[in-house]
Each structure stands twice: as structure tokens, then as C-alpha cells.
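Here's data.cif, which has mmCIF, C-alpha atoms and all ligand atoms:
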data_coords
#
loop_
_atom_site.group_PDB
_atom_site.id
_atom_site.type_symbol
_atom_site.label_atom_id
_atom_site.label_comp_id
_atom_site.auth_asym_id
_atom_site.auth_seq_id
_atom_site.Cartn_x
_atom_site.Cartn_y
_atom_site.Cartn_z
ATOM 1 C CA MET T 14 8.244 -27.293 -1.129
ATOM 2 C CA THR T 15 7.260 -24.224 -3.123
ATOM 3 C CA VAL T 16 4.199 -24.224 -5.343
ATOM 4 C CA THR T 17 4.506 -22.761 -8.850
ATOM 5 C CA ASP T 18 2.099 -24.992 -10.822
ATOM 6 C CA PRO T 19 -0.775 -22.717 -11.950
ATOM 7 C CA ARG T 20 -3.374 -25.475 -11.497
ATOM 8 C CA ARG T 21 -2.351 -25.963 -7.876
ATOM 9 C CA LEU T 22 -2.303 -22.173 -7.371
ATOM 10 C CA ARG T 23 -5.839 -22.046 -8.792
ATOM 11 C CA GLU T 24 -6.988 -24.648 -6.240
ATOM 12 C CA ILE T 25 -5.343 -22.711 -3.420
ATOM 13 C CA VAL T 26 -6.963 -19.408 -4.462
ATOM 14 C CA ASP T 27 -10.379 -21.122 -4.739
ATOM 15 C CA GLU T 28 -9.986 -22.755 -1.343
ATOM 16 C CA ILE T 29 -9.070 -19.432 0.293
ATOM 17 C CA CYS T 30 -11.945 -17.566 -1.428
ATOM 18 C CA ASP T 31 -14.440 -20.227 -0.268
ATOM 19 C CA ARG T 32 -13.129 -20.042 3.289
ATOM 20 C CA MET T 33 -13.248 -16.260 3.360
ATOM 21 C CA ALA T 34 -16.797 -16.170 1.935
ATOM 22 C CA ALA T 35 -17.946 -18.276 4.902
ATOM 23 C CA GLU T 36 -16.227 -16.174 7.591
ATOM 24 C CA THR T 37 -18.650 -14.412 9.889
ATOM 25 C CA ASP T 38 -16.119 -12.173 11.686
ATOM 26 C CA ARG T 39 -15.188 -9.785 8.880
ATOM 27 C CA GLY T 40 -13.667 -6.927 10.932
ATOM 28 C CA HIS T 41 -14.924 -3.343 10.834
ATOM 29 C CA VAL T 42 -15.079 -1.138 7.744
ATOM 30 C CA ALA T 43 -13.226 2.180 8.242
ATOM 31 C CA ASP T 44 -15.649 5.034 8.788
ATOM 32 C CA TYR T 45 -13.358 7.906 9.797
ATOM 33 C CA ILE T 46 -13.317 8.716 6.080
ATOM 34 C CA PRO T 47 -17.127 8.895 5.662
ATOM 35 C CA GLU T 48 -17.078 7.849 2.006
ATOM 36 C CA LEU T 49 -15.406 4.523 2.880
ATOM 37 C CA ALA T 50 -18.123 3.582 5.385
ATOM 38 C CA HIS T 51 -20.513 2.541 2.570
ATOM 39 C CA VAL T 52 -18.377 -0.336 1.293
ATOM 40 C CA ASP T 53 -19.888 -3.819 1.599
ATOM 41 C CA PRO T 54 -17.940 -5.911 4.167
ATOM 42 C CA ARG T 55 -18.887 -9.138 2.334
ATOM 43 C CA ARG T 56 -16.450 -8.319 -0.452
ATOM 44 C CA PHE T 57 -13.316 -10.404 -0.789
ATOM 45 C CA ALA T 58 -10.771 -10.906 -3.558
ATOM 46 C CA LEU T 59 -7.435 -12.595 -4.005
ATOM 47 C CA VAL T 60 -5.337 -12.221 -7.179
ATOM 48 C CA LEU T 61 -1.890 -13.653 -7.964
ATOM 49 C CA SER T 62 0.132 -12.263 -10.847
ATOM 50 C CA THR T 63 2.940 -14.760 -11.328
ATOM 51 C CA ALA T 64 6.457 -14.786 -12.758
ATOM 52 C CA GLU T 65 5.216 -16.997 -15.597
ATOM 53 C CA GLY T 66 2.653 -14.336 -16.527
ATOM 54 C CA ASN T 67 -0.391 -16.162 -15.169
ATOM 55 C CA VAL T 68 -3.099 -14.179 -13.424
ATOM 56 C CA ILE T 69 -5.004 -16.313 -10.946
ATOM 57 C CA ALA T 70 -7.990 -14.370 -9.639
ATOM 58 C CA GLY T 71 -10.754 -15.244 -7.184
ATOM 59 C CA GLY T 72 -13.705 -13.427 -5.606
ATOM 60 C CA ASP T 73 -14.441 -9.763 -6.368
ATOM 61 C CA ALA T 74 -11.273 -9.374 -8.417
ATOM 62 C CA ASP T 75 -12.803 -6.777 -10.751
ATOM 63 C CA THR T 76 -14.471 -4.506 -8.205
ATOM 64 C CA ARG T 77 -12.795 -1.146 -7.640
ATOM 65 C CA PHE T 78 -11.793 -0.160 -4.129
ATOM 66 C CA SER T 79 -9.917 2.711 -2.517
ATOM 67 C CA ILE T 80 -6.257 1.752 -2.191
ATOM 68 C CA GLN T 81 -5.572 4.414 0.485
ATOM 69 C CA SER T 82 -2.202 3.762 2.133
ATOM 70 C CA ILE T 83 -1.111 1.303 -0.544
ATOM 71 C CA SER T 84 -0.611 4.455 -2.642
ATOM 72 C CA LYS T 85 2.267 5.292 -0.278
ATOM 73 C CA VAL T 86 4.314 2.571 -2.008
ATOM 74 C CA PHE T 87 3.811 4.158 -5.424
ATOM 75 C CA ALA T 88 4.431 7.670 -4.076
ATOM 76 C CA LEU T 89 7.655 6.458 -2.461
ATOM 77 C CA ALA T 90 8.857 4.940 -5.745
ATOM 78 C CA VAL T 91 8.081 8.198 -7.575
ATOM 79 C CA ALA T 92 9.873 10.294 -4.914
ATOM 80 C CA LEU T 93 12.953 8.044 -4.934
ATOM 81 C CA GLY T 94 13.011 8.188 -8.715
ATOM 82 C CA ARG T 95 12.900 11.989 -8.618
ATOM 83 C CA ILE T 96 15.175 12.960 -5.721
ATOM 84 C CA GLY T 97 16.921 9.666 -4.885
ATOM 85 C CA ASP T 98 18.622 9.189 -1.521
ATOM 86 C CA GLN T 99 18.102 12.850 -0.585
ATOM 87 C CA LEU T 100 14.649 11.721 0.473
ATOM 88 C CA TRP T 101 16.134 10.056 3.557
ATOM 89 C CA SER T 102 17.087 13.381 5.091
ATOM 90 C CA ARG T 103 13.400 13.963 5.859
ATOM 91 C CA VAL T 104 12.008 10.518 6.585
ATOM 92 C CA GLY T 105 13.408 7.515 8.478
ATOM 93 C CA ARG T 106 13.376 3.786 7.873
ATOM 94 C CA GLU T 107 12.402 2.364 11.239
ATOM 95 C CA PRO T 108 9.154 0.725 12.253
ATOM 96 C CA SER T 109 7.195 3.081 14.482
ATOM 97 C CA GLY T 110 5.346 0.646 16.742
ATOM 98 C CA ASP T 111 2.595 3.263 16.861
ATOM 99 C CA PRO T 112 -0.692 3.617 14.951
ATOM 100 C CA PHE T 113 -0.542 4.845 11.352
ATOM 101 C CA ASN T 114 -1.849 8.309 12.213
ATOM 102 C CA SER T 115 0.091 8.869 15.450
ATOM 103 C CA ILE T 116 1.749 12.204 16.193
ATOM 104 C CA VAL T 117 3.587 11.233 19.403
ATOM 105 C CA GLN T 118 7.045 10.420 18.031
ATOM 106 C CA LEU T 119 7.211 13.503 15.835
ATOM 107 C CA GLU T 120 7.965 15.953 18.616
ATOM 108 C CA HIS T 121 10.704 13.857 20.226
ATOM 109 C CA GLU T 122 12.255 13.141 16.853
ATOM 110 C CA ARG T 123 12.312 16.759 15.627
ATOM 111 C CA GLY T 124 9.611 16.387 13.030
ATOM 112 C CA ILE T 125 11.254 13.495 11.145
ATOM 113 C CA PRO T 126 8.696 10.680 10.689
ATOM 114 C CA ARG T 127 9.888 7.163 11.433
ATOM 115 C CA ASN T 128 9.186 5.736 7.968
ATOM 116 C CA PRO T 129 7.470 6.566 4.642
ATOM 117 C CA PHE T 130 4.415 4.384 5.332
ATOM 118 C CA ILE T 131 2.974 5.998 8.449
ATOM 119 C CA ASN T 132 0.816 8.994 7.545
ATOM 120 C CA ALA T 133 3.415 11.577 8.622
ATOM 121 C CA GLY T 134 6.066 9.831 6.517
ATOM 122 C CA ALA T 135 3.873 9.656 3.430
ATOM 123 C CA ILE T 136 2.975 13.328 3.810
ATOM 124 C CA ALA T 137 6.727 14.120 3.907
ATOM 125 C CA VAL T 138 7.246 11.962 0.777
ATOM 126 C CA THR T 139 4.408 13.820 -0.953
ATOM 127 C CA ASP T 140 6.057 17.140 -0.076
ATOM 128 C CA ALA T 141 9.321 15.855 -1.577
ATOM 129 C CA ILE T 142 7.505 15.165 -4.864
ATOM 130 C CA LEU T 143 5.981 18.649 -4.657
ATOM 131 C CA SER T 144 9.463 20.178 -4.421
ATOM 132 C CA ARG T 145 9.670 19.601 -8.188
ATOM 133 C CA SER T 146 6.033 19.868 -9.296
ATOM 134 C CA GLU T 147 2.708 21.493 -8.549
ATOM 135 C CA PRO T 148 -0.059 19.295 -7.041
ATOM 136 C CA ARG T 149 -1.879 18.552 -10.295
ATOM 137 C CA GLU T 150 1.325 17.572 -12.058
ATOM 138 C CA ALA T 151 2.529 15.512 -9.062
ATOM 139 C CA LEU T 152 -0.755 13.597 -8.938
ATOM 140 C CA GLY T 153 -0.564 13.068 -12.686
ATOM 141 C CA GLN T 154 2.912 11.570 -12.258
ATOM 142 C CA ILE T 155 1.839 9.188 -9.510
ATOM 143 C CA LEU T 156 -1.279 8.126 -11.408
ATOM 144 C CA GLN T 157 0.643 7.698 -14.671
ATOM 145 C CA PHE T 158 3.244 5.580 -12.864
ATOM 146 C CA VAL T 159 0.537 3.274 -11.462
ATOM 147 C CA ARG T 160 -1.150 3.001 -14.879
ATOM 148 C CA PHE T 161 2.197 2.205 -16.481
ATOM 149 C CA LEU T 162 2.958 -0.478 -13.879
ATOM 150 C CA ALA T 163 -0.444 -2.123 -14.300
ATOM 151 C CA ASP T 164 -0.447 -1.494 -18.060
ATOM 152 C CA ASP T 165 -3.968 -0.196 -17.584
ATOM 153 C CA ASP T 166 -5.240 3.351 -18.117
ATOM 154 C CA ASP T 167 -8.520 2.517 -16.455
ATOM 155 C CA ILE T 168 -7.157 3.413 -13.001
ATOM 156 C CA ALA T 169 -8.281 6.742 -11.543
ATOM 157 C CA ILE T 170 -8.619 8.925 -8.479
ATOM 158 C CA ASP T 171 -12.068 8.732 -6.874
ATOM 159 C CA PRO T 172 -13.005 12.398 -6.330
ATOM 160 C CA ALA T 173 -15.723 11.580 -3.756
ATOM 161 C CA VAL T 174 -13.202 9.773 -1.522
ATOM 162 C CA ALA T 175 -10.637 12.574 -1.898
ATOM 163 C CA LYS T 176 -13.293 15.160 -1.014
ATOM 164 C CA SER T 177 -14.522 13.149 1.945
ATOM 165 C CA GLU T 178 -11.028 12.945 3.423
ATOM 166 C CA THR T 179 -10.264 16.591 2.647
ATOM 167 C CA GLU T 180 -13.347 17.550 4.675
ATOM 168 C CA THR T 181 -12.500 15.366 7.678
ATOM 169 C CA GLY T 182 -8.733 14.794 7.729
ATOM 170 C CA TRP T 183 -7.898 17.058 10.658
ATOM 171 C CA ARG T 184 -5.352 14.737 12.138
ATOM 172 C CA ASN T 185 -3.382 14.635 8.888
ATOM 173 C CA ALA T 186 -3.643 18.434 8.791
ATOM 174 C CA ALA T 187 -2.121 18.472 12.286
ATOM 175 C CA LEU T 188 0.739 16.169 11.199
ATOM 176 C CA ALA T 189 1.451 18.359 8.172
ATOM 177 C CA ASN T 190 1.390 21.612 10.155
ATOM 178 C CA PHE T 191 3.638 20.115 12.813
ATOM 179 C CA MET T 192 6.150 18.968 10.204
ATOM 180 C CA ARG T 193 5.970 22.320 8.422
ATOM 181 C CA ASP T 194 7.073 23.985 11.647
ATOM 182 C CA PHE T 195 10.085 21.654 11.870
ATOM 183 C CA GLY T 196 10.928 22.263 8.209
ATOM 184 C CA THR T 197 10.403 18.589 7.252
ATOM 185 C CA ILE T 198 7.869 19.755 4.707
ATOM 186 C CA GLN T 199 8.418 22.910 2.722
ATOM 187 C CA ARG T 200 5.245 23.517 0.764
ATOM 188 C CA HIS T 201 2.060 24.843 2.327
ATOM 189 C CA PRO T 202 0.556 22.075 4.517
ATOM 190 C CA GLU T 203 -2.834 22.425 2.854
ATOM 191 C CA LYS T 204 -1.321 21.814 -0.586
ATOM 192 C CA VAL T 205 0.634 18.832 0.679
ATOM 193 C CA ILE T 206 -2.267 17.074 2.378
ATOM 194 C CA GLY T 207 -4.558 17.891 -0.535
ATOM 195 C CA THR T 208 -2.137 16.043 -2.825
ATOM 196 C CA TYR T 209 -1.714 13.230 -0.288
ATOM 197 C CA PHE T 210 -5.511 12.748 0.075
ATOM 198 C CA HIS T 211 -5.841 12.513 -3.693
ATOM 199 C CA HIS T 212 -3.194 9.831 -4.162
ATOM 200 C CA CYS T 213 -4.727 7.877 -1.260
ATOM 201 C CA ALA T 214 -8.031 8.092 -3.186
ATOM 202 C CA ILE T 215 -6.694 6.145 -6.182
ATOM 203 C CA SER T 216 -9.244 3.483 -6.910
ATOM 204 C CA MET T 217 -8.503 0.234 -8.701
ATOM 205 C CA THR T 218 -9.453 -3.426 -8.745
ATOM 206 C CA PRO T 219 -7.588 -6.204 -6.913
ATOM 207 C CA ARG T 220 -6.576 -7.518 -10.340
ATOM 208 C CA GLN T 221 -5.066 -4.149 -11.284
ATOM 209 C CA LEU T 222 -3.341 -3.969 -7.893
ATOM 210 C CA ALA T 223 -1.653 -7.344 -8.376
ATOM 211 C CA GLN T 224 -0.455 -6.198 -11.805
ATOM 212 C CA ALA T 225 0.783 -2.871 -10.440
ATOM 213 C CA GLY T 226 2.800 -4.690 -7.762
ATOM 214 C CA ARG T 227 4.770 -6.857 -10.179
ATOM 215 C CA PHE T 228 7.749 -4.476 -10.288
ATOM 216 C CA LEU T 229 8.400 -5.241 -6.614
ATOM 217 C CA ALA T 230 8.322 -9.003 -7.189
ATOM 218 C CA PHE T 231 10.808 -8.876 -10.059
ATOM 219 C CA ASP T 232 13.557 -6.643 -8.716
ATOM 220 C CA GLY T 233 12.207 -3.444 -10.247
ATOM 221 C CA ALA T 234 11.217 -4.987 -13.613
ATOM 222 C CA LEU T 235 7.670 -5.625 -14.824
ATOM 223 C CA SER T 236 8.464 -9.302 -15.396
ATOM 224 C CA PRO T 237 11.579 -11.438 -14.859
ATOM 225 C CA GLY T 238 14.224 -9.974 -17.186
ATOM 226 C CA GLY T 239 11.601 -7.606 -18.646
ATOM 227 C CA ALA T 240 11.208 -3.833 -18.965
ATOM 228 C CA ARG T 241 12.418 -1.961 -15.919
ATOM 229 C CA ALA T 242 10.274 0.393 -13.807
ATOM 230 C CA ILE T 243 12.819 1.220 -11.086
ATOM 231 C CA ALA T 244 16.381 0.182 -10.152
ATOM 232 C CA PRO T 245 16.813 -3.197 -8.403
ATOM 233 C CA ARG T 246 18.319 -1.554 -5.319
ATOM 234 C CA MET T 247 15.269 0.668 -4.961
ATOM 235 C CA ALA T 248 12.830 -2.238 -5.336
ATOM 236 C CA ARG T 249 14.695 -4.169 -2.641
ATOM 237 C CA GLN T 250 14.644 -1.163 -0.314
ATOM 238 C CA ILE T 251 10.902 -0.685 -0.811
ATOM 239 C CA ASN T 252 10.307 -4.386 -0.089
ATOM 240 C CA ALA T 253 12.401 -4.118 3.089
ATOM 241 C CA LEU T 254 10.275 -1.183 4.242
ATOM 242 C CA MET T 255 7.062 -3.027 3.388
ATOM 243 C CA LEU T 256 8.173 -5.992 5.462
ATOM 244 C CA THR T 257 9.203 -3.916 8.483
ATOM 245 C CA CYS T 258 6.731 -0.995 8.324
ATOM 246 C CA GLY T 259 3.973 -1.853 5.813
ATOM 247 C CA HIS T 260 1.386 -2.775 8.449
ATOM 248 C CA TYR T 261 2.205 -0.091 11.062
ATOM 249 C CA ASP T 262 2.036 -1.480 14.586
ATOM 250 C CA GLY T 263 0.908 -4.782 13.058
ATOM 251 C CA SER T 264 4.069 -5.128 10.917
ATOM 252 C CA GLY T 265 5.857 -7.619 13.163
ATOM 253 C CA GLU T 266 2.751 -9.778 13.337
ATOM 254 C CA PHE T 267 2.267 -9.708 9.548
ATOM 255 C CA ALA T 268 5.932 -10.603 8.937
ATOM 256 C CA PHE T 269 5.654 -13.412 11.491
ATOM 257 C CA ARG T 270 2.435 -14.854 10.065
ATOM 258 C CA VAL T 271 2.884 -14.227 6.342
ATOM 259 C CA GLY T 272 6.635 -13.782 5.828
ATOM 260 C CA LEU T 273 6.235 -11.536 2.767
ATOM 261 C CA PRO T 274 6.575 -7.764 2.267
ATOM 262 C CA GLY T 275 3.112 -6.217 2.316
ATOM 263 C CA LYS T 276 1.396 -2.854 2.367
ATOM 264 C CA SER T 277 -2.099 -2.367 3.692
ATOM 265 C CA GLY T 278 -4.640 0.409 3.301
ATOM 266 C CA VAL T 279 -7.760 1.346 5.279
ATOM 267 C CA GLY T 280 -9.827 0.567 2.183
ATOM 268 C CA GLY T 281 -9.085 -3.078 3.108
ATOM 269 C CA GLY T 282 -6.502 -3.803 0.437
ATOM 270 C CA ILE T 283 -3.133 -5.455 0.902
ATOM 271 C CA LEU T 284 -0.438 -5.617 -1.758
ATOM 272 C CA ALA T 285 1.953 -8.468 -0.948
ATOM 273 C CA VAL T 286 5.136 -9.467 -2.742
ATOM 274 C CA ALA T 287 6.632 -12.926 -3.137
ATOM 275 C CA PRO T 288 10.015 -12.005 -4.696
ATOM 276 C CA GLY T 289 10.738 -13.902 -7.892
ATOM 277 C CA ARG T 290 7.338 -15.595 -7.763
ATOM 278 C CA ALA T 291 4.337 -13.275 -7.774
ATOM 279 C CA ALA T 292 2.675 -10.035 -6.801
ATOM 280 C CA ILE T 293 -0.507 -10.512 -4.821
ATOM 281 C CA GLY T 294 -3.528 -8.230 -4.537
ATOM 282 C CA CYS T 295 -5.917 -9.060 -1.716
ATOM 283 C CA TRP T 296 -8.988 -7.106 -0.589
ATOM 284 C CA SER T 297 -11.608 -7.319 2.088
ATOM 285 C CA PRO T 298 -12.948 -4.033 3.519
ATOM 286 C CA GLY T 299 -13.306 -4.991 7.214
ATOM 287 C CA LEU T 300 -10.285 -4.014 9.315
ATOM 288 C CA ASN T 301 -8.662 -5.424 12.447
ATOM 289 C CA ALA T 302 -7.809 -3.418 15.559
ATOM 290 C CA VAL T 303 -4.675 -1.881 14.021
ATOM 291 C CA GLY T 304 -6.372 -0.810 10.789
ATOM 292 C CA ASN T 305 -5.266 -3.614 8.463
ATOM 293 C CA SER T 306 -7.727 -5.827 6.556
ATOM 294 C CA HIS T 307 -8.846 -8.609 8.884
ATOM 295 C CA LEU T 308 -9.639 -11.220 6.232
ATOM 296 C CA ALA T 309 -6.917 -10.225 3.760
ATOM 297 C CA SER T 310 -4.346 -10.784 6.536
ATOM 298 C CA ILE T 311 -5.779 -14.241 7.253
ATOM 299 C CA ALA T 312 -6.007 -15.065 3.539
ATOM 300 C CA LEU T 313 -2.372 -14.121 2.944
ATOM 301 C CA GLU T 314 -1.282 -16.241 5.894
ATOM 302 C CA MET T 315 -3.156 -19.190 4.334
ATOM 303 C CA LEU T 316 -1.616 -18.451 0.929
ATOM 304 C CA ALA T 317 1.921 -18.381 2.368
ATOM 305 C CA ASP T 318 1.231 -21.615 4.226
ATOM 306 C CA ARG T 319 -0.192 -23.443 1.179
ATOM 307 C CA THR T 320 2.393 -22.182 -1.349
ATOM 308 C CA GLY T 321 5.527 -22.158 0.798
ATOM 309 C CA TRP T 322 6.166 -18.598 -0.402
ATOM 310 C CA SER T 323 8.247 -16.682 2.130
ATOM 311 C CA VAL T 324 11.195 -14.321 1.971
ATOM 312 C CA PHE T 325 12.735 -16.482 4.693
ATOM 313 C CA ALA T 326 12.554 -19.767 2.747
ATOM 314 C CA PRO T 327 15.572 -20.929 0.694
ATOM 315 C CA LYS T 328 14.998 -20.653 -3.079
HETATM 316 O O1 LIG L 1 -4.415 9.335 5.793
HETATM 317 C C1 LIG L 1 -5.239 8.466 6.036
HETATM 318 O O2 LIG L 1 -5.685 8.275 7.158
HETATM 319 C C2 LIG L 1 -5.707 7.598 4.883
HETATM 320 N N1 LIG L 1 -5.744 8.366 3.666
HETATM 321 C C3 LIG L 1 -4.781 6.424 4.675
HETATM 322 C C4 LIG L 1 -4.552 5.614 5.926
HETATM 323 C C5 LIG L 1 -4.406 4.166 5.670
HETATM 324 O O3 LIG L 1 -4.764 3.644 4.655
HETATM 325 C C6 LIG L 1 -3.886 3.357 6.808
HETATM 326 N N2 LIG L 1 -3.863 1.947 6.443
HETATM 327 N N3 LIG L 1 -4.182 0.945 6.922
#

Written as C-alpha cells, how would this file's structure read?
Ligand code: DON
Amino acid sequence: MTVTDPRRLREIVDEICDRMAAETDRGHVADYIPELAHVDPRRFALVLSTAEGNVIAGGDADTRFSIQSISKVFALAVALGRIGDQLWSRVGREPSGDPFNSIVQLEHERGIPRNPFINAGAIAVTDAILSRSEPREALGQILQFVRFLADDDDIAIDPAVAKSETETGWRNAALANFMRDFGTIQRHPEKVIGTYFHHCAISMTPRQLAQAGRFLAFDGALSPGGARAIAPRMARQINALMLTCGHYDGSGEFAFRVGLPGKSGVGGGILAVAPGRAAIGCWSPGLNAVGNSHLASIALEMLADRTGWSVFAPK
């Protein structure tokens, strides 16, 4: 049975928020980007933005957080919109089975990253956007796209987070330089990672994230049968990549436990998609061993269990 009744969804969200508030093991807040280390691990939020237009929000739904790698979804949509299938000549579509910031496969695979959601892949996607625009303009396009999706201009890049990563992101600099040598990226590596760090530093609330994810739940449209953000084929492809690669070397586990496309970020956010039903924004800053939010993963597993939402369930 699949739950759609908003009152039942409200009870489920409340139950999950209560359970998560009581959890003592909250994972570990990322500190390799110094600015993220200050975030309070007690935070938790869960927001559903449903096909019927209901927004069911619990916990810290209106607190801004750093979306980090979730921005890779929006950057991918922008890049596909700009250069289409040409993008796939520089980035693959296979799960990597390695950590998000790994460099090991790049040498064997001639500088072509496995998928657009590992860091190397997102840096290659960012370079593809920069083939048509300068950094400021490219960032403006990504930010405008996110604001359009969420119908909310109060979404911005947090300059302190961008600066913090620019000062410490040596591993991403290594990935970019390595790919520049192979010709996967064409612009200067410093420009590319500077742009990448800034889109990772987009800050928004879990409520805004759930709204911004709606286009993936409704086949590229902002609501069922509504205004279109991207082509249906593209939305389906992005969902497929989120399911198979959205949680790095934890992607199989997430698909097994939750059964929905999802994209995590080291800020502790997860955007999950229940096609035809809802977009889901979940946030808790503490991470598990593979860099995905510990409690948001558990909360989404509970949500899938209670609602029956799964891409593997018959409609
Ligand atoms: O490049 C980085 O390391 C960060 N800006 C983003 C990584 C990230 O969010 C991985 N997600 N779980």
C-alpha cells in the first residue's frame, strides 16, 4: 500500500523527527572543509513536497545548510541543458565504488571520471558549463536555475564556505590538474575548481531543497503536468544516476535500504525523489563512514518503509 493522504504523511514525518531527535549516535560532522565543522550535529529536518502541492515539514526545516555535493545535480542539469549528450564524452555513467574524492580510477581510465557525482565528475561537468561562460556567469546560471526550481530568490552562495574550501581543497585541485593533463577539462584548473567550490557552497533550507527537487519527481516538470524545467528523458537519466551513483561507495546500500534516487552532500543533506509522488529534502549534519548523512539515511529508510514509496514498487 502506498501512502498519499497528507494527514498520514504528517504523522509519519512527526514520528521520524521524534525518533531522530532522540538518537544519540549522530555521525560525525565533516571538518575537512573547516567552515562546515561548526554546524550543530543536533540539527535534523525532513520535508516532503508532494504531487498534490502539499509541503509537509518537520524539524529544522527553515535552517540554511551547505548543500555541497547536492549542487552536482543542479550543475548536471544545467550542463545537459547547455551541451546535451556531448557531455558524455568527458564523464561516464557508472558507479565508482570508490570514495567521492578518489583519484585512483582516473589514471587507468585516461582521465574520464566514472560519473558526474564523484568530485572528479562534477569538476568535469563544471568545466563543460565553463566552455560557454565565464565563472561568474556560470555560477549565476546555476544559482538562477536553483532559484527558479524552488521558486525562491532567497537562495544564495555562502562566501565563507566557498572561501574555506578554496583555501583547503588540495585534493580537488589535484583531480582538476590531473584531468587538465588528459584534456578532460579545458579551462584553467584553478578557474574550474573555483567555480565548483562556489556551487558546492550554495546554501538553502531543507524546505527549499525539497521544492528545488520537484522537477525530478515529476518527469522534468515543476508539478504533474505543470511548467517544464528540463526534458523528461533528462530527468529520468538524472534519477538513474542518483540511484546508482548519488551516494558514492554507499550507493548500493542506499538503493537497497531506501529504494529511491538520492543525492547526498557532506553538509549532511540528502535530496531524494519518489517519482510521481514527492521530492524529499532531509538534513542532519553528522556523516557516516562513507560521507553521507547518518541520520538522513536512516530517516529516509523509515520514510520509504512507512509510505511504501519505492521506484521498485508497482504503481
Ligand atoms: O568537493 C568536495 O569535497 C565538497 N565540495 C563536496 C563533497 C561532497 O559533498 C561529498 N558528499 N557527500

Protein and nucleic residues near ligand LIG 1 (chain L), 8 Å, only C-alpha atoms and all ligand atoms, as a PyMOL selection string: chain T and resi 46+80-83+113-114+131-132+178+182+185+209-210+213-214+260-261+277-281+303-306

Include C-alpha atoms and write out the residues we just selected as an mmCIF file, keeping the file's coordinate frame.
data_model
loop_
_atom_site.group_PDB
_atom_site.id
_atom_site.type_symbol
_atom_site.label_atom_id
_atom_site.label_comp_id
_atom_site.auth_asym_id
_atom_site.auth_seq_id
_atom_site.Cartn_x
_atom_site.Cartn_y
_atom_site.Cartn_z
ATOM 1 C CA ILE T 46 -13.317 8.716 6.080
ATOM 2 C CA ILE T 80 -6.257 1.752 -2.191
ATOM 3 C CA GLN T 81 -5.572 4.414 0.485
ATOM 4 C CA SER T 82 -2.202 3.762 2.133
ATOM 5 C CA ILE T 83 -1.111 1.303 -0.544
ATOM 6 C CA PHE T 113 -0.542 4.845 11.352
ATOM 7 C CA ASN T 114 -1.849 8.309 12.213
ATOM 8 C CA ILE T 131 2.974 5.998 8.449
ATOM 9 C CA ASN T 132 0.816 8.994 7.545
ATOM 10 C CA GLU T 178 -11.028 12.945 3.423
ATOM 11 C CA GLY T 182 -8.733 14.794 7.729
ATOM 12 C CA ASN T 185 -3.382 14.635 8.888
ATOM 13 C CA TYR T 209 -1.714 13.230 -0.288
ATOM 14 C CA PHE T 210 -5.511 12.748 0.075
ATOM 15 C CA CYS T 213 -4.727 7.877 -1.260
ATOM 16 C CA ALA T 214 -8.031 8.092 -3.186
ATOM 17 C CA HIS T 260 1.386 -2.775 8.449
ATOM 18 C CA TYR T 261 2.205 -0.091 11.062
ATOM 19 C CA SER T 277 -2.099 -2.367 3.692
ATOM 20 C CA GLY T 278 -4.640 0.409 3.301
ATOM 21 C CA VAL T 279 -7.760 1.346 5.279
ATOM 22 C CA GLY T 280 -9.827 0.567 2.183
ATOM 23 C CA GLY T 281 -9.085 -3.078 3.108
ATOM 24 C CA VAL T 303 -4.675 -1.881 14.021
ATOM 25 C CA GLY T 304 -6.372 -0.810 10.789
ATOM 26 C CA ASN T 305 -5.266 -3.614 8.463
ATOM 27 C CA SER T 306 -7.727 -5.827 6.556
#

For the PyMOL selection byres (((chain T and resi 262-269) around 9) and not hetatm), applied here, can you spell out every residue it catches as a ChimeraX atom specification? /T:108-113,255-261,270-275,303-305,310,314

Would you write out those residues with C-alpha atoms, as a compact mmCIF listing (two decimals), in the frame of the given file?
# COMPACT_ATOMS: atom_id res chain seq x y z
CA PRO T 108 9.15 0.72 12.25
CA SER T 109 7.20 3.08 14.48
CA GLY T 110 5.35 0.65 16.74
CA ASP T 111 2.60 3.26 16.86
CA PRO T 112 -0.69 3.62 14.95
CA PHE T 113 -0.54 4.84 11.35
CA MET T 255 7.06 -3.03 3.39
CA LEU T 256 8.17 -5.99 5.46
CA THR T 257 9.20 -3.92 8.48
CA CYS T 258 6.73 -1.00 8.32
CA GLY T 259 3.97 -1.85 5.81
CA HIS T 260 1.39 -2.78 8.45
CA TYR T 261 2.20 -0.09 11.06
CA ARG T 270 2.44 -14.85 10.06
CA VAL T 271 2.88 -14.23 6.34
CA GLY T 272 6.64 -13.78 5.83
CA LEU T 273 6.24 -11.54 2.77
CA PRO T 274 6.58 -7.76 2.27
CA GLY T 275 3.11 -6.22 2.32
CA VAL T 303 -4.68 -1.88 14.02
CA GLY T 304 -6.37 -0.81 10.79
CA ASN T 305 -5.27 -3.61 8.46
CA SER T 310 -4.35 -10.78 6.54
CA GLU T 314 -1.28 -16.24 5.89

For Pro202 of chain T, which of T:Leu254, T:Ala175, T:Val52, T:Ala137 is the closest residue, counting all atoms listed in the file?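 Of the candidates, the smallest distance to Pro202 of chain T is held by T:Ala137.
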
Proximity to Ile155 of chain T - best of T:Val86, T:Leu49, T:Leu222, T:Ala58, only C-alpha atoms: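 Looking only at the distances to Ile155 of chain T, the closest residue turns out to be T:Val86.
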
Go through T:Leu143, T:Leu229, T:Ala35, T:Leu284 and flag the residue nearest Val60 of chain T, using only C-alpha atoms for the distances.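 Checking each of T:Leu143, T:Leu229, T:Ala35, T:Leu284 against Val60 of chain T, counting only C-alpha atoms, the winner is T:Leu284.
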